[in-house]
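Shown next: my_file38.cif, given as mmCIF, C-alpha atoms.
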```cif
data_target
#
loop_
_atom_site.label_atom_id
_atom_site.label_comp_id
_atom_site.auth_asym_id
_atom_site.auth_seq_id
_atom_site.Cartn_x
_atom_site.Cartn_y
_atom_site.Cartn_z
CA MET A 1 85.13 0.26 -26.61
CA ASN A 2 84.73 -3.28 -25.38
CA LEU A 3 84.52 -3.62 -21.62
CA GLN A 4 85.17 -6.94 -19.98
CA ASP A 5 81.97 -8.55 -18.70
CA ASP A 6 82.92 -8.25 -15.03
CA VAL A 7 83.83 -4.56 -15.45
CA ARG A 8 80.59 -3.83 -17.31
CA LEU A 9 78.51 -5.58 -14.64
CA TYR A 10 80.31 -3.75 -11.86
CA MET A 11 79.67 -0.37 -13.55
CA TRP A 12 75.99 -1.19 -14.21
CA ASP A 13 75.48 -2.26 -10.62
CA TRP A 14 77.29 0.80 -9.28
CA VAL A 15 75.26 3.22 -11.46
CA LYS A 16 71.97 1.50 -10.54
CA GLN A 17 72.76 1.61 -6.83
CA TYR A 18 73.90 5.24 -6.95
CA THR A 19 70.78 6.19 -8.92
CA ASN A 20 68.56 4.43 -6.40
CA ASP A 21 70.31 6.01 -3.41
CA TYR A 22 70.90 9.57 -4.65
CA CYS A 23 68.98 10.31 -7.86
CA ILE A 24 65.37 9.42 -7.05
CA GLU A 25 63.21 11.70 -4.92
CA ARG A 26 60.51 9.64 -3.27
CA VAL A 27 57.39 10.88 -1.53
CA PRO A 28 57.33 9.58 2.05
CA PRO A 29 54.52 7.05 2.64
CA ASP A 30 52.58 9.40 4.92
CA GLU A 31 52.54 12.32 2.46
CA PRO A 32 50.32 12.87 -0.60
CA PRO A 33 51.79 12.10 -4.05
CA MET A 34 53.20 14.88 -6.24
CA PRO A 35 50.91 16.26 -8.95
CA GLY A 36 51.73 15.04 -12.45
CA PHE A 37 51.81 16.98 -15.68
CA SER A 38 48.51 15.74 -17.03
CA LYS A 39 45.28 16.64 -15.27
CA GLY A 40 44.44 14.26 -12.46
CA SER A 41 47.77 12.42 -12.55
CA PHE A 42 50.07 11.93 -9.59
CA TYR A 43 53.36 10.21 -8.93
CA THR A 44 55.31 9.09 -5.90
CA TYR A 45 58.84 9.48 -7.18
CA GLN A 46 60.89 11.63 -9.54
CA PHE A 47 64.30 11.03 -11.10
CA TYR A 48 66.83 13.77 -10.46
CA LEU A 49 69.84 12.64 -12.49
CA ARG A 50 71.80 15.86 -12.15
CA ARG A 51 72.95 14.64 -8.74
CA GLY A 52 74.57 11.67 -10.42
CA LEU A 53 75.80 13.45 -13.50
CA PHE A 54 77.76 15.93 -11.39
CA ASN A 55 79.51 13.00 -9.71
CA ARG A 56 82.72 12.21 -11.60
CA THR A 57 82.49 8.43 -11.19
CA TYR A 58 78.81 8.28 -12.15
CA LEU A 59 79.35 10.36 -15.28
CA THR A 60 82.46 8.39 -16.26
CA TYR A 61 80.65 5.07 -15.89
CA CYS A 62 77.64 6.34 -17.85
CA GLY A 63 79.91 7.46 -20.68
CA MET A 64 81.88 4.22 -20.73
CA LEU A 65 78.72 2.10 -20.67
CA PHE A 66 77.16 4.20 -23.44
CA TRP A 67 80.15 3.84 -25.75
CA ASP A 68 80.56 0.16 -24.87
CA ARG A 69 77.06 -0.34 -26.22
CA PHE A 70 76.97 2.14 -29.14
CA ALA A 71 80.55 2.63 -30.42
CA ASP A 72 80.25 0.05 -33.21
CA LYS A 73 76.91 1.49 -34.33
CA PHE A 74 78.42 4.98 -34.33
CA ARG A 75 81.39 3.84 -36.44
CA ASN A 76 79.02 2.25 -38.98
CA GLN A 77 76.50 5.10 -39.03
CA PRO A 78 77.39 8.27 -37.09
CA PHE A 79 74.49 9.76 -35.14
CA GLN A 80 73.80 13.01 -33.34
CA ILE A 81 73.64 13.13 -29.56
CA ALA A 82 71.12 15.57 -28.08
CA GLY A 83 69.20 15.94 -24.85
CA LEU A 84 66.44 17.78 -23.02
CA GLU A 85 66.51 19.71 -19.78
CA THR A 86 69.45 20.65 -17.63
CA ALA A 87 70.61 17.12 -16.78
CA SER A 88 71.45 16.50 -20.44
CA THR A 89 74.19 19.15 -20.45
CA PRO A 90 76.68 17.23 -18.27
CA LEU A 91 75.64 13.93 -19.84
CA ILE A 92 76.28 15.11 -23.40
CA VAL A 93 79.57 16.73 -22.40
CA GLY A 94 80.55 13.50 -20.65
CA LEU A 95 79.69 11.41 -23.70
CA LEU A 96 81.68 13.63 -26.00
#
```
Entire entry expressed as structure tokens:
Amino acid sequence: MNLQDDVRLYMWDWVKQYTNDYCIERVPPDEPPMPGFSKGSFYTYQFYLRRGLFNRTYLTYCGMLFWDRFADKFRNQPFQIAGLETASTPLIVGLL
């Protein structure tokens, strides 16, 4: 797949904006940060990509951008697509 530059840029911008608006949970400034996984660590935001990946346009753009970037590499040397956690299920299905 070879997307035209203007189409690729539009999709990238759209995905970035949607991710920023709907797929990042941020701690309000007046609240304490969320505890991290390692002892003593904290963070102020968390990605929640399932919101985006259950949106038809978001998933379509992610798939098209992925294959625009990796289709030639896949044709030359096929690779396995795998993922972790529940957000990977719609992403992998969308890529396939």
Taking every listed atom of segment 10-24 of chain A and adding 3 Å to each side, what centre and edge lengths in Å (one decimal) does the axis-aligned box have, as lines of an AutoDock Vina configuration file?
```
center_x = 72.8
center_y = 3.3
center_z = -8.8
size_x = 20.9
size_y = 20.1
size_z = 16.8
```
task = Excluding Lys16 of chain A and any residue of its chain fewer than 4 positions from it, enumerate the residues within 12 Å of it, using all atoms listed in the file, and give them as a PyMOL selection string.
result = chain A and resi 9-12+20-24+49+52+58+61-62
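Residues captured in this structure file are Asn2, Leu3, Gln4, Arg8, Gly63, Met64, Leu65, Phe66, Trp67, Asp68, Arg69, Phe70, Ala71, Asp72, Lys73, Phe74 and Arg75 of chain A, according to the PyMOL selection byres ((chain A and resi 1) around 12).
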ask   = What separation in Å, quoted to one decimal, exists between atom CA of Arg50 of chain A and atom CA of Ala87 of chain A?
value =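 Between atom CA of Arg50 of chain A and atom CA of Ala87 of chain A the gap works out to 4.9 Å.
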Contact residues around Pro29 of chain A with only C-alpha atoms at 12 Å, ignoring same-chain residues under 4 positions, as a list in words =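 Listing them by chain and then by number gives Pro33, Met34, Thr44 and Tyr45 of chain A.
The spacing separating atom CA of Gln80 of chain A from atom CA of Arg56 of chain A amounts to 23.5 Å.
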key: Matched chain/residue IDs from the PyMOL selection byres ((chain A and resi 92-94) around 9), as a list of chain:residue names   =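 This file gives the following for the PyMOL selection byres ((chain A and resi 92-94) around 9): A:Leu53, A:Leu59, A:Thr60, A:Cys62, A:Gly63, A:Ile81, A:Ala82, A:Gly83, A:Ala87, A:Ser88, A:Thr89, A:Pro90, A:Leu91, A:Leu95, A:Leu96.
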Residues of the last selection are to be written out with C-alpha atoms, as a PDB file, in the coordinates of the input.
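Output file selection_2.pdb is given in full below:
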```
ATOM      1  CA  LEU A  53      75.800  13.450 -13.500  1.00  0.00           C
ATOM      2  CA  LEU A  59      79.350  10.360 -15.280  1.00  0.00           C
ATOM      3  CA  THR A  60      82.460   8.390 -16.260  1.00  0.00           C
ATOM      4  CA  CYS A  62      77.640   6.340 -17.850  1.00  0.00           C
ATOM      5  CA  GLY A  63      79.910   7.460 -20.680  1.00  0.00           C
ATOM      6  CA  ILE A  81      73.640  13.130 -29.560  1.00  0.00           C
ATOM      7  CA  ALA A  82      71.120  15.570 -28.080  1.00  0.00           C
ATOM      8  CA  GLY A  83      69.200  15.940 -24.850  1.00  0.00           C
ATOM      9  CA  ALA A  87      70.610  17.120 -16.780  1.00  0.00           C
ATOM     10  CA  SER A  88      71.450  16.500 -20.440  1.00  0.00           C
ATOM     11  CA  THR A  89      74.190  19.150 -20.450  1.00  0.00           C
ATOM     12  CA  PRO A  90      76.680  17.230 -18.270  1.00  0.00           C
ATOM     13  CA  LEU A  91      75.640  13.930 -19.840  1.00  0.00           C
ATOM     14  CA  LEU A  95      79.690  11.410 -23.700  1.00  0.00           C
ATOM     15  CA  LEU A  96      81.680  13.630 -26.000  1.00  0.00           C
TER      16      LEU A  96
END
```
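For the pair atom CA of Arg51 of chain A and atom CA of Gln17 of chain A, the separation is 13.2 Å.
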ask   = Which polymer residues have any atom within 12 Å of an atom of Pro32 of chain A, counting all atoms listed in the file, with same-chain residues fewer than 4 positions away left out, as a PyMOL selection string?
value = chain A and resi 26-28+42-45
